[in-house]
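What follows is the content of start_39.tsv, which has TSV, C-alpha atoms and all ligand atoms:
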chain	number	residue	atom	x	y	z
A	779	MET	CA	0.00	0.00	0.00
A	780	PRO	CA	1.48	3.38	-0.87
A	781	GLN	CA	2.39	5.19	2.36
A	782	TYR	CA	0.02	8.04	1.67
A	783	TRP	CA	-2.93	5.64	1.57
A	784	ARG	CA	-3.70	5.78	5.25
A	785	PRO	CA	-6.78	3.72	6.17
A	786	SER	CA	-8.91	5.78	8.55
A	787	CYS	CA	-11.53	3.16	9.46
A	788	THR	CA	-12.90	-0.27	8.62
A	789	LEU	CA	-16.16	-0.25	6.67
A	790	GLY	CA	-16.79	-3.94	6.26
A	791	GLU	CA	-15.41	-7.34	6.97
A	792	GLY	CA	-16.52	-9.72	4.25
A	793	ALA	CA	-16.05	-13.44	3.83
A	794	PHE	CA	-12.97	-12.82	1.72
A	795	GLY	CA	-11.46	-9.62	2.93
A	796	ASN	CA	-11.65	-6.30	4.67
A	797	VAL	CA	-12.81	-2.98	3.36
A	798	HIS	CA	-11.19	0.22	4.66
A	799	LEU	CA	-11.78	3.90	4.07
A	800	VAL	CA	-8.78	5.92	2.90
A	801	GLN	CA	-8.71	9.66	3.26
A	802	ALA	CA	-6.06	10.90	0.89
A	803	LYS	CA	-4.92	14.34	-0.09
A	804	LYS	CA	-4.82	15.18	-3.75
A	805	ILE	CA	-2.62	18.02	-4.95
A	806	ILE	CA	-3.90	19.95	-7.94
A	807	VAL	CA	-0.76	21.66	-9.20
A	808	ASP	CA	-2.47	23.92	-11.77
A	809	GLU	CA	-4.97	25.32	-9.31
A	810	LYS	CA	-2.33	25.41	-6.52
A	811	LYS	CA	-4.55	23.66	-4.04
A	812	ILE	CA	-4.90	20.48	-2.06
A	813	ILE	CA	-8.21	18.69	-1.85
A	814	GLN	CA	-9.24	15.89	0.42
A	815	ASN	CA	-10.39	12.78	-1.41
A	816	GLU	CA	-12.00	9.67	0.00
A	817	PHE	CA	-11.93	6.22	-1.50
A	818	VAL	CA	-12.02	2.64	-0.31
A	819	THR	CA	-9.54	-0.23	-0.39
A	820	LYS	CA	-10.68	-3.82	-0.35
A	821	ILE	CA	-7.91	-6.12	0.84
A	822	VAL	CA	-8.14	-9.83	0.13
A	823	LYS	CA	-5.55	-12.44	1.11
A	824	MET	CA	-5.59	-15.64	-0.87
A	825	THR	CA	-3.83	-18.84	-1.82
A	826	PRO	CA	-2.34	-19.12	-5.31
A	827	ALA	CA	-5.25	-21.44	-6.30
A	828	ALA	CA	-7.77	-18.66	-5.64
A	829	LEU	CA	-5.86	-16.05	-7.63
A	830	ASP	CA	-7.91	-16.85	-10.75
A	831	ASP	CA	-11.13	-15.93	-8.91
A	832	ILE	CA	-9.88	-12.55	-7.83
A	833	THR	CA	-8.39	-11.88	-11.26
A	834	ARG	CA	-11.82	-12.56	-12.74
A	835	GLU	CA	-13.47	-10.24	-10.19
A	836	ILE	CA	-11.05	-7.45	-11.13
A	837	GLU	CA	-11.41	-7.96	-14.88
A	838	VAL	CA	-15.19	-8.22	-14.85
A	839	HIS	CA	-15.52	-5.19	-12.55
A	840	GLN	CA	-13.24	-3.15	-14.84
A	841	ASN	CA	-15.46	-4.08	-17.80
A	842	ALA	CA	-18.64	-3.25	-15.88
A	843	LYS	CA	-17.54	0.24	-14.86
A	844	GLY	CA	-18.64	3.43	-16.59
A	845	HIS	CA	-22.16	3.73	-15.18
A	846	PRO	CA	-23.30	5.99	-12.30
A	847	ASN	CA	-25.03	3.03	-10.61
A	848	VAL	CA	-21.96	0.79	-10.64
A	849	ILE	CA	-19.14	1.30	-8.09
A	850	THR	CA	-16.06	2.53	-9.97
A	851	PRO	CA	-12.97	0.35	-9.46
A	852	GLY	CA	-9.48	1.87	-9.44
A	853	VAL	CA	-5.90	0.70	-9.26
A	854	VAL	CA	-5.12	-2.84	-8.01
A	855	TYR	CA	-1.95	-3.99	-6.22
A	856	ILE	CA	-0.97	-7.63	-5.95
A	857	GLN	CA	1.70	-8.53	-3.42
A	858	LYS	CA	3.28	-11.94	-2.77
A	859	ILE	CA	2.95	-13.03	0.87
A	860	ASP	CA	3.60	-16.28	2.79
A	861	ILE	CA	0.17	-17.93	2.18
A	862	GLY	CA	-0.08	-16.71	-1.40
A	863	PHE	CA	-1.14	-13.25	-2.40
A	864	ARG	CA	-2.48	-10.05	-0.90
A	865	VAL	CA	-4.64	-8.17	-3.34
A	866	GLN	CA	-5.64	-4.58	-2.74
A	867	MET	CA	-8.29	-2.88	-4.85
A	868	ALA	CA	-9.19	0.79	-4.80
A	869	LEU	CA	-12.93	1.44	-5.06
A	870	GLU	CA	-15.16	4.47	-5.16
A	871	TYR	CA	-16.48	5.32	-1.66
A	872	ALA	CA	-20.19	4.92	-0.97
A	873	SER	CA	-20.48	6.73	2.35
A	874	LEU	CA	-24.01	5.56	3.20
A	875	GLY	CA	-22.79	1.95	3.13
A	876	ASP	CA	-24.85	-1.06	2.12
A	877	LEU	CA	-28.61	-1.60	2.34
A	878	SER	CA	-28.62	-3.79	5.50
A	879	LEU	CA	-30.14	-1.07	7.65
A	880	PHE	CA	-32.63	-0.16	4.93
A	881	CYS	CA	-33.65	-3.82	4.84
A	882	ALA	CA	-34.10	-4.04	8.61
A	883	LYS	CA	-36.07	-0.85	9.24
A	884	ASP	CA	-39.30	0.97	8.29
A	885	LYS	CA	-39.56	2.10	4.70
A	886	THR	CA	-42.15	2.98	2.07
A	887	GLU	CA	-42.89	1.24	-1.22
A	888	ASN	CA	-41.67	4.34	-3.09
A	889	GLN	CA	-38.29	3.97	-1.42
A	890	ILE	CA	-38.11	0.27	-2.34
A	891	ALA	CA	-39.14	1.20	-5.89
A	892	TYR	CA	-36.30	3.75	-6.00
A	893	VAL	CA	-33.70	1.14	-5.02
A	894	CYS	CA	-35.11	-1.27	-7.63
A	895	ARG	CA	-35.32	1.35	-10.38
A	896	GLU	CA	-31.70	2.42	-9.89
A	897	LEU	CA	-30.44	-1.13	-9.65
A	898	ILE	CA	-32.32	-2.00	-12.84
A	899	LYS	CA	-30.32	0.76	-14.59
A	900	ALA	CA	-27.10	-0.88	-13.40
A	901	LEU	CA	-28.34	-4.29	-14.56
A	902	ILE	CA	-29.28	-3.01	-18.03
A	903	HIS	CA	-25.74	-1.64	-18.30
A	904	ILE	CA	-23.88	-4.77	-17.19
A	905	HIS	CA	-26.16	-7.18	-19.08
A	906	GLU	CA	-25.61	-5.18	-22.27
A	907	LYS	CA	-21.91	-5.72	-21.67
A	908	GLY	CA	-22.52	-9.46	-21.40
A	909	ILE	CA	-21.88	-9.57	-17.64
A	910	VAL	CA	-23.92	-11.36	-14.96
A	911	HIS	CA	-23.40	-10.11	-11.39
A	912	GLY	CA	-24.54	-13.34	-9.73
A	913	ASP	CA	-24.70	-12.03	-6.13
A	914	ILE	CA	-27.28	-9.25	-5.87
A	915	SER	CA	-28.32	-8.87	-2.23
A	916	TYR	CA	-28.80	-5.96	0.17
A	917	LYS	CA	-25.18	-6.30	1.32
A	918	ASN	CA	-23.79	-5.81	-2.16
A	919	VAL	CA	-25.83	-2.75	-3.07
A	920	LEU	CA	-24.34	0.46	-1.70
A	921	VAL	CA	-25.50	4.05	-1.36
A	922	ALA	CA	-23.34	7.12	-2.11
A	923	HIS	CA	-23.64	10.30	-0.03
A	924	SER	CA	-25.92	11.81	-2.68
A	925	GLY	CA	-28.37	8.89	-2.37
A	926	THR	CA	-27.19	7.28	-5.63
A	927	ILE	CA	-27.51	3.50	-5.63
A	928	LYS	CA	-24.27	1.67	-6.50
A	929	LEU	CA	-23.94	-1.97	-7.49
A	930	SER	CA	-20.83	-3.45	-5.86
A	931	ASP	CA	-18.96	-6.71	-5.09
A	932	PHE	CA	-18.22	-8.42	-8.39
A	933	GLY	CA	-16.80	-11.47	-6.57
A	934	MET	CA	-19.37	-13.80	-8.18
A	935	ALA	CA	-19.66	-11.98	-11.49
A	936	ASP	CA	-18.68	-13.46	-14.81
A	937	ILE	CA	-19.24	-13.04	-18.53
A	938	MET	CA	-22.26	-14.77	-20.07
A	939	GLU	CA	-20.02	-16.83	-22.37
A	940	ASN	CA	-18.89	-18.64	-19.21
A	941	THR	CA	-22.12	-18.60	-17.17
A	942	CYS	CA	-24.25	-20.02	-20.00
A	943	ARG	CA	-22.36	-23.31	-19.96
A	944	PRO	CA	-24.26	-25.93	-17.94
A	945	GLY	CA	-22.42	-27.75	-15.16
A	946	ARG	CA	-20.43	-24.73	-14.09
A	947	ARG	CA	-19.59	-24.94	-10.41
A	948	THR	CA	-19.97	-21.79	-8.42
A	949	PHE	CA	-18.89	-21.25	-4.87
A	950	GLY	CA	-20.23	-18.56	-2.64
A	951	GLY	CA	-23.22	-16.40	-3.41
A	952	THR	CA	-25.89	-15.62	-0.87
A	953	PRO	CA	-28.47	-18.29	0.09
A	954	GLY	CA	-31.97	-16.86	-0.32
A	955	PHE	CA	-30.85	-14.62	-3.19
A	956	ILE	CA	-29.07	-16.78	-5.78
A	957	ALA	CA	-31.23	-17.87	-8.72
A	958	PRO	CA	-32.40	-21.52	-9.01
A	959	GLU	CA	-30.61	-21.96	-12.33
A	960	ILE	CA	-27.29	-21.15	-10.61
A	961	ILE	CA	-28.02	-23.57	-7.77
A	962	ASN	CA	-29.04	-26.26	-10.27
A	963	ARG	CA	-25.98	-25.65	-12.43
A	964	GLN	CA	-28.09	-25.33	-15.55
A	965	GLY	CA	-26.15	-22.47	-17.06
A	966	TYR	CA	-27.52	-18.97	-16.59
A	967	ASP	CA	-27.64	-15.44	-17.98
A	968	GLY	CA	-28.73	-11.98	-16.82
A	969	LYS	CA	-32.12	-13.35	-15.78
A	970	ALA	CA	-30.37	-14.80	-12.71
A	971	ASP	CA	-29.84	-11.23	-11.44
A	972	LEU	CA	-33.54	-10.55	-11.86
A	973	TRP	CA	-34.47	-13.42	-9.55
A	974	SER	CA	-32.08	-11.91	-6.98
A	975	LEU	CA	-33.58	-8.46	-7.48
A	976	GLY	CA	-37.02	-9.92	-6.65
A	977	ALA	CA	-35.64	-11.76	-3.61
A	978	MET	CA	-34.02	-8.52	-2.43
A	979	ALA	CA	-37.22	-6.48	-2.90
A	980	LEU	CA	-39.06	-9.15	-0.90
A	981	SER	CA	-36.40	-9.05	1.82
A	982	PHE	CA	-37.19	-5.34	2.22
A	983	VAL	CA	-40.81	-6.20	2.98
A	984	LYS	CA	-39.90	-9.08	5.32
A	985	ARG	CA	-37.07	-7.04	6.92
A	986	GLY	CA	-34.56	-9.79	6.29
A	987	ASN	CA	-33.82	-12.80	4.09
A	988	ALA	CA	-37.30	-13.96	3.04
A	989	PHE	CA	-36.22	-17.60	2.57
A	990	ARG	CA	-34.81	-17.94	6.05
A	991	GLN	CA	-36.51	-20.62	8.12
A	992	GLY	CA	-35.26	-21.43	11.60
A	993	LEU	CA	-31.96	-20.44	13.12
A	994	ILE	CA	-29.62	-22.14	10.71
A	995	PHE	CA	-30.08	-21.07	7.12
A	996	ASP	CA	-27.31	-22.15	4.82
A	997	LEU	CA	-26.75	-23.07	1.20
A	998	GLN	CA	-27.88	-26.64	1.85
A	999	THR	CA	-31.24	-25.51	3.26
A	1000	TYR	CA	-31.70	-23.13	0.34
A	1001	ARG	CA	-30.82	-25.91	-2.11
A	1002	ARG	CA	-33.57	-28.07	-0.60
A	1003	GLN	CA	-36.09	-25.22	-0.88
A	1004	ILE	CA	-35.13	-24.73	-4.52
A	1005	SER	CA	-35.46	-28.47	-5.26
A	1006	GLU	CA	-39.05	-28.22	-3.94
A	1007	ASN	CA	-39.80	-25.13	-6.08
A	1008	TYR	CA	-40.46	-23.20	-2.86
A	1009	TYR	CA	-41.04	-19.45	-2.76
A	1010	PRO	CA	-42.12	-17.41	0.29
A	1011	ASP	CA	-45.78	-16.39	0.32
A	1012	ILE	CA	-46.40	-13.09	-1.44
A	1013	GLU	CA	-50.21	-13.35	-1.69
A	1014	ASN	CA	-50.89	-12.32	1.90
A	1015	LEU	CA	-48.40	-9.49	2.18
A	1016	ASN	CA	-49.72	-6.04	2.93
A	1017	ILE	CA	-48.43	-4.45	-0.30
A	1018	THR	CA	-49.93	-2.81	-3.39
A	1019	ASP	CA	-51.01	-4.89	-6.38
A	1020	ASP	CA	-48.31	-3.27	-8.53
A	1021	PHE	CA	-45.63	-4.37	-6.07
A	1022	ARG	CA	-47.09	-7.89	-5.88
A	1023	GLU	CA	-47.06	-8.19	-9.68
A	1024	PHE	CA	-43.44	-7.04	-9.77
A	1025	LEU	CA	-42.49	-9.75	-7.23
A	1026	ASP	CA	-44.59	-12.34	-9.03
A	1027	ASP	CA	-42.76	-11.68	-12.30
A	1028	LEU	CA	-39.34	-12.18	-10.71
A	1029	ARG	CA	-40.13	-15.28	-8.65
A	1030	GLN	CA	-40.58	-17.48	-11.76
A	1031	TYR	CA	-38.43	-20.61	-11.62
A	1032	ASP	CA	-38.21	-20.61	-15.41
A	1033	PRO	CA	-35.86	-17.71	-16.24
A	1034	THR	CA	-37.53	-17.15	-19.62
A	1035	GLU	CA	-40.73	-16.22	-17.79
A	1036	ARG	CA	-39.03	-13.38	-15.90
A	1037	SER	CA	-38.86	-9.90	-17.40
A	1038	THR	CA	-35.50	-8.55	-18.54
A	1039	ALA	CA	-34.04	-5.49	-16.80
A	1040	GLN	CA	-34.88	-3.45	-19.89
A	1041	GLU	CA	-38.53	-4.57	-19.82
A	1042	LEU	CA	-38.82	-3.63	-16.14
A	1043	THR	CA	-38.22	0.04	-16.89
A	1044	LEU	CA	-41.90	0.13	-17.91
A	1045	ASP	CA	-43.09	-1.64	-14.76
A	1046	LEU	CA	-45.71	0.33	-12.83
A	1047	PHE	CA	-44.27	-0.43	-9.40
A	1048	VAL	CA	-40.77	0.66	-10.44
A	1049	GLN	CA	-42.03	3.86	-12.05
A	1050	ASP	CA	-43.66	5.03	-8.83
A	1051	SER	CA	-40.38	5.71	-7.02
A	1052	CYS	CA	-39.21	8.45	-4.64
A	1053	SER	CA	-36.47	10.88	-5.71
A	1054	ARG	CA	-32.74	10.38	-5.20
A	1055	ARG	CA	-32.63	13.39	-2.93
A	1056	HIS	CA	-35.44	12.09	-0.75
A	1057	PHE	CA	-33.77	8.68	-0.50
A	1058	GLY	CA	-30.38	10.19	0.37
A	1059	GLU	CA	-31.82	12.36	3.12
A	1060	TYR	CA	-33.94	9.55	4.53
A	1061	TYR	CA	-31.03	7.07	4.59
A	1062	THR	CA	-28.57	9.58	6.04
A	1063	LYS	CA	-30.98	10.24	8.92
A	1064	LEU	CA	-31.76	6.58	9.44
A	1065	ARG	CA	-28.09	5.63	9.67
A	1066	HIS	CA	-27.45	8.51	12.03
A	1067	ARG	CA	-30.37	7.48	14.26
A	1068	PHE	CA	-28.95	3.97	14.58
A	1069	GLY	CA	-25.40	5.17	15.11
A	1070	VAL	CA	-23.91	3.62	11.99
A	1071	ASP	CA	-22.69	6.72	10.19
A	1072	ASN	CA	-19.53	6.44	8.12
A	1073	PRO	CA	-17.34	9.51	7.73
A	1074	PHE	CA	-19.01	11.84	5.28
A	1075	PRO	CA	-16.98	12.98	2.26
A	1076	THR	CA	-15.39	16.33	2.91
A	1077	ASP	CA	-15.89	17.40	-0.66
A	1078	VAL	CA	-19.36	17.27	-2.20
A	1079	ARG	CA	-17.88	16.91	-5.66
A	1080	GLU	CA	-17.72	13.49	-7.27
A	1081	LEU	CA	-15.08	11.50	-5.44
A	1082	GLU	CA	-12.21	10.17	-7.48
A	1083	VAL	CA	-10.82	6.68	-7.36
A	1084	PRO	CA	-7.06	6.50	-7.86
A	1085	VAL	CA	-6.29	4.75	-11.11
A	1086	THR	CA	-2.53	4.92	-10.69
A	1087	ASN	CA	-0.39	5.08	-7.57
A	1088	ASP	CA	0.37	8.78	-7.87
A	1101	LIG	N1	-17.03	1.11	-1.85
A	1101	LIG	C1	-17.54	0.95	-0.64
A	1101	LIG	N2	-17.99	2.00	0.10
A	1101	LIG	C2	-18.50	1.80	1.33
A	1101	LIG	N3	-18.64	0.59	1.92
A	1101	LIG	C3	-18.23	-0.50	1.26
A	1101	LIG	C4	-17.65	-0.37	-0.05
A	1101	LIG	N4	-17.33	-1.62	-0.49
A	1101	LIG	C5	-17.70	-2.45	0.49
A	1101	LIG	N5	-18.23	-1.82	1.56
A	1101	LIG	C6	-18.72	-2.46	2.80
A	1101	LIG	O1	-17.99	-3.67	3.03
A	1101	LIG	C7	-18.84	-4.83	2.92
A	1101	LIG	C8	-18.10	-5.99	2.26
A	1101	LIG	O2	-17.68	-5.61	0.95
A	1101	LIG	P1	-17.74	-6.62	-0.29
A	1101	LIG	O3	-19.13	-7.13	-0.43
A	1101	LIG	O4	-17.15	-5.95	-1.47
A	1101	LIG	O5	-16.73	-7.73	0.21
A	1101	LIG	P2	-16.79	-9.31	0.26
A	1101	LIG	O6	-15.52	-9.74	0.87
A	1101	LIG	O7	-17.10	-9.82	-1.06
A	1101	LIG	O8	-17.92	-9.54	1.26
A	1101	LIG	P3	-19.02	-10.67	1.33
A	1101	LIG	O9	-18.33	-11.94	1.25
A	1101	LIG	O10	-19.66	-10.35	2.66
A	1101	LIG	O11	-19.93	-10.39	0.16
A	1101	LIG	C9	-20.08	-4.32	2.15
A	1101	LIG	O12	-21.23	-5.11	2.47
A	1101	LIG	C10	-20.17	-2.87	2.63
A	1101	LIG	O13	-20.81	-2.78	3.88
A	1102	MG	MG	-20.32	-8.67	-0.45
Would you give me this structure, written as structure tokens?
Amino acid sequence: MPQYWRPSCTLGEGAFGNVHLVQAKKIIVDEKKIIQNEFVTKIVKMTPAALDDITREIEVHQNAKGHPNVITPGVVYIQKIDIGFRVQMALEYASLGDLSLFCAKDKTENQIAYVCRELIKALIHIHEKGIVHGDISYKNVLVAHSGTIKLSDFGMADIMENTCRPGRRTFGGTPGFIAPEIINRQGYDGKADLWSLGAMALSFVKRGNAFRQGLIFDLQTYRRQISENYYPDIENLNITDDFREFLDDLRQYDPTERSTAQELTLDLFVQDSCSRRHFGEYYTKLRHRFGVDNPFPTDVRELEVPVTND
């Protein structure tokens, strides 16, 4: 890590690595001034055998960038260490963190529709580029200080050329969110992300993973549910008909029966969303109320991710 990348706090501890905030100073020589810039580093330690997985994550994320609803990746450092490698990725900072708190607390349908609408924009973008994310869940969708929704964590992502081949083994992913065709190793495309989008929208209503039953909920339990074509009840939920139809579309076991991200832009539930500004203000307050604020960017301009080590 370059010396001037000084981590100021830990933002997340994932299954594979840790995510830290870096507050760096950027010198603009022409304008003779120094500005504070925030970004994130994700540090993953791995054995040589797992290096392919992280290389794929980096490559796919680099190809997916270039959209306001996708977290921008920056420079990557790979260092040799005793157990294998230490990989450090710079990422754009989303100061309102992931959607865990949104999932757990009170919210309106308009706010859920906003999250879905923005995520659909990200999905249209990555699917057009031939990329499947493969791990959409409320922990992998982040919120920037402005309230912009940002798709993150490309650890399970891959190009459709690879995902469409049946028999492909995948490790990881989030039980209760991964599409049946991934679990069943049938080969899959962008429609897998739409199943996950539906499962995430439902988790917002249920205030947690909607498939969870009992204390222990793991991939094996989820696999059994999928083998029985199970889906949590949506008929008796206290939601509008538009929302129910949206969920009904995405819970189809046959991926060809689900709408594409592009088709969902016309969906009535999605169209009735709150504004970005409203969402940003609401989520800032909510996080503050529950004492989970991250440091706020000092500069309200777009934050920059370092793409080189200077
Ligand atoms: N760019 C970011 N800005 C702010 N917070 C972030 C950022 N990236 C990640 N985080 C936080 O760190 C957590 C873990 O990050 P990420 O999902 O990328 O790592 P992971 O190792 O793949 O984790 P997991 O295995 O839990 O999915 C996120 O859920 C989020 O809370
Ligand atoms: Mg994650």
What's the 10 Å shell around Asn962 (chain A), counting all atoms listed in the file, without same-chain residues fewer than 6 positions away, as a PyMOL selection string?
chain A and resi 944-947+1001+1004-1005
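Remark: for Trp973 (chain A), the closest of the candidate residues A:Met824, A:Ile914, A:Val1085, A:Leu993 is A:Ile914 (distances computed over all atoms listed in the file).
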For Gln866 (chain A), which of A:Gln1030, A:Thr833, A:Asn1014, A:Ser915 is the closest residue, counting all atoms listed in the file?
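Checking each candidate against Gln866 (chain A), we get A:Thr833 as the closest.
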Which residues, written as JSON, numbers by chain, have at least one atom at most 10 Å from region 886-890 of chain A, with only C-alpha atoms counted and residues fewer than 6 positions away on the same chain left out?
{"A": [880, 978, 979, 980, 982, 983, 1017, 1018, 1021, 1047, 1048, 1049, 1050, 1051, 1052, 1053, 1054, 1056, 1057, 1060, 1061]}
Do you know which residues are at most 10 Å from Gln801 (chain A) counting all atoms listed in the file, after dropping those on the same chain fewer than 5 positions away, and could you put them as number ranges by chain?
A: 782-787, 814-818, 1073, 1075-1076
What would the file look like if the residues just selected were written as an mmCIF file, in the frame of the given file with C-alpha atoms?
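Generated file (part_6.cif):
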data_model
loop_
_atom_site.group_PDB
_atom_site.id
_atom_site.type_symbol
_atom_site.label_atom_id
_atom_site.label_comp_id
_atom_site.auth_asym_id
_atom_site.auth_seq_id
_atom_site.Cartn_x
_atom_site.Cartn_y
_atom_site.Cartn_z
ATOM 1 C CA TYR A 782 0.020 8.040 1.670
ATOM 2 C CA TRP A 783 -2.930 5.640 1.570
ATOM 3 C CA ARG A 784 -3.700 5.780 5.250
ATOM 4 C CA PRO A 785 -6.780 3.720 6.170
ATOM 5 C CA SER A 786 -8.910 5.780 8.550
ATOM 6 C CA CYS A 787 -11.530 3.160 9.460
ATOM 7 C CA GLN A 814 -9.240 15.890 0.420
ATOM 8 C CA ASN A 815 -10.390 12.780 -1.410
ATOM 9 C CA GLU A 816 -12.000 9.670 0.000
ATOM 10 C CA PHE A 817 -11.930 6.220 -1.500
ATOM 11 C CA VAL A 818 -12.020 2.640 -0.310
ATOM 12 C CA PRO A 1073 -17.340 9.510 7.730
ATOM 13 C CA PRO A 1075 -16.980 12.980 2.260
ATOM 14 C CA THR A 1076 -15.390 16.330 2.910
#
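With all atoms listed in the file as the basis for measurement, A:Leu920 is the residue among A:Ile904, A:Ala872, A:Val853, A:Leu920 that approaches ligand MG 1102 (chain A) most closely.
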Residues of chain A that have any atom at most 7 Å from an atom of ligand MG 1102 (chain A): could you tabulate them with the shortest-distance atom pair and the distance in Å to one decimal, using only C-alpha atoms and all ligand atoms, ordered by chain and increasing number, as a Markdown table?
| residue | atom | partner | partner_atom | distance |
| --- | --- | --- | --- | --- |
| A:Gly792 | CA | A:MG1102 | MG | 6.1 |
| A:Lys917 | CA | A:MG1102 | MG | 5.7 |
| A:Asn918 | CA | A:MG1102 | MG | 4.8 |
| A:Asp931 | CA | A:MG1102 | MG | 5.2 |
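Neighbours of Gly795 (chain A) closer than or equal to 12 Å, with only C-alpha atoms counted and sequence neighbours fewer than 4 positions away skipped, come out as Thr788, Leu789, Gly790, Glu791, Thr819, Lys820, Ile821, Val822, Lys823, Met824, Ile832, Arg864, Val865, Gln866, Met867, Asp931 and Gly933 of chain A.
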As a ChimeraX atom specification, please: the residues near Cys881 (chain A) (cut-off 7 Å, all atoms listed in the file, same-chain neighbours under 5 positions excluded).
/A:981-982,985-986
Export of the given selection (C-alpha atoms) as a PDB file, keeping the file's coordinate frame:
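Okay, part.pdb is ready:
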ATOM      1  CA  SER A 981     -36.400  -9.050   1.820  1.00  0.00           C
ATOM      2  CA  PHE A 982     -37.190  -5.340   2.220  1.00  0.00           C
ATOM      3  CA  ARG A 985     -37.070  -7.040   6.920  1.00  0.00           C
ATOM      4  CA  GLY A 986     -34.560  -9.790   6.290  1.00  0.00           C
TER       5      GLY A 986
END
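Between Asn847 (chain A) and the candidates A:Glu1082, A:Glu896, A:Glu870, A:Asp884, the tightest atom-to-atom separation, counting only C-alpha atoms, involves A:Glu896.
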As lines of an AutoDock Vina configuration file, please report the centre and edge lengths, rounded to one decimal in Å, of the axis-aligned box that holds all listed atoms of ligand LIG 1101 (chain A) with 8 Å of padding on each of the six sides.
center_x = -18.4
center_y = -5.0
center_z = 1.0
size_x = 21.7
size_y = 29.9
size_z = 21.7
Rebuild region 1026-1042 of chain A to N, CA and C atoms - output it as a short mmCIF file (atom, residue, chain, number, x, y, z; two decimals), in the frame of the given file, please.
data_model
loop_
_atom_site.label_atom_id
_atom_site.label_comp_id
_atom_site.auth_asym_id
_atom_site.auth_seq_id
_atom_site.Cartn_x
_atom_site.Cartn_y
_atom_site.Cartn_z
N ASP A 1026 -44.10 -11.13 -8.39
CA ASP A 1026 -44.59 -12.34 -9.03
C ASP A 1026 -43.81 -12.62 -10.32
N ASP A 1027 -43.52 -11.57 -11.06
CA ASP A 1027 -42.76 -11.68 -12.30
C ASP A 1027 -41.37 -12.28 -12.02
N LEU A 1028 -40.74 -11.80 -10.95
CA LEU A 1028 -39.34 -12.18 -10.71
C LEU A 1028 -39.17 -13.49 -9.94
N ARG A 1029 -40.27 -14.03 -9.41
CA ARG A 1029 -40.13 -15.28 -8.65
C ARG A 1029 -40.29 -16.53 -9.53
N GLN A 1030 -40.38 -16.35 -10.85
CA GLN A 1030 -40.58 -17.48 -11.76
C GLN A 1030 -39.34 -18.38 -11.79
N TYR A 1031 -39.56 -19.67 -11.58
CA TYR A 1031 -38.43 -20.61 -11.62
C TYR A 1031 -37.85 -20.72 -13.03
N ASP A 1032 -38.70 -20.56 -14.03
CA ASP A 1032 -38.21 -20.61 -15.41
C ASP A 1032 -37.72 -19.21 -15.79
N PRO A 1033 -36.40 -19.06 -16.00
CA PRO A 1033 -35.86 -17.71 -16.24
C PRO A 1033 -36.50 -17.02 -17.44
N THR A 1034 -36.95 -17.80 -18.43
CA THR A 1034 -37.53 -17.15 -19.62
C THR A 1034 -38.87 -16.48 -19.30
N GLU A 1035 -39.46 -16.85 -18.18
CA GLU A 1035 -40.73 -16.22 -17.79
C GLU A 1035 -40.54 -14.94 -16.99
N ARG A 1036 -39.29 -14.65 -16.61
CA ARG A 1036 -39.03 -13.38 -15.90
C ARG A 1036 -38.80 -12.26 -16.90
N SER A 1037 -39.16 -11.04 -16.54
CA SER A 1037 -38.86 -9.90 -17.40
C SER A 1037 -37.36 -9.67 -17.46
N THR A 1038 -36.89 -9.00 -18.51
CA THR A 1038 -35.50 -8.55 -18.54
C THR A 1038 -35.43 -7.22 -17.79
N ALA A 1039 -34.21 -6.79 -17.48
CA ALA A 1039 -34.04 -5.49 -16.80
C ALA A 1039 -34.63 -4.38 -17.67
N GLN A 1040 -34.37 -4.47 -18.97
CA GLN A 1040 -34.88 -3.45 -19.89
C GLN A 1040 -36.42 -3.38 -19.85
N GLU A 1041 -37.06 -4.54 -19.85
CA GLU A 1041 -38.53 -4.57 -19.82
C GLU A 1041 -39.07 -3.97 -18.52
N LEU A 1042 -38.33 -4.12 -17.44
CA LEU A 1042 -38.82 -3.63 -16.14
C LEU A 1042 -38.84 -2.11 -16.04
#
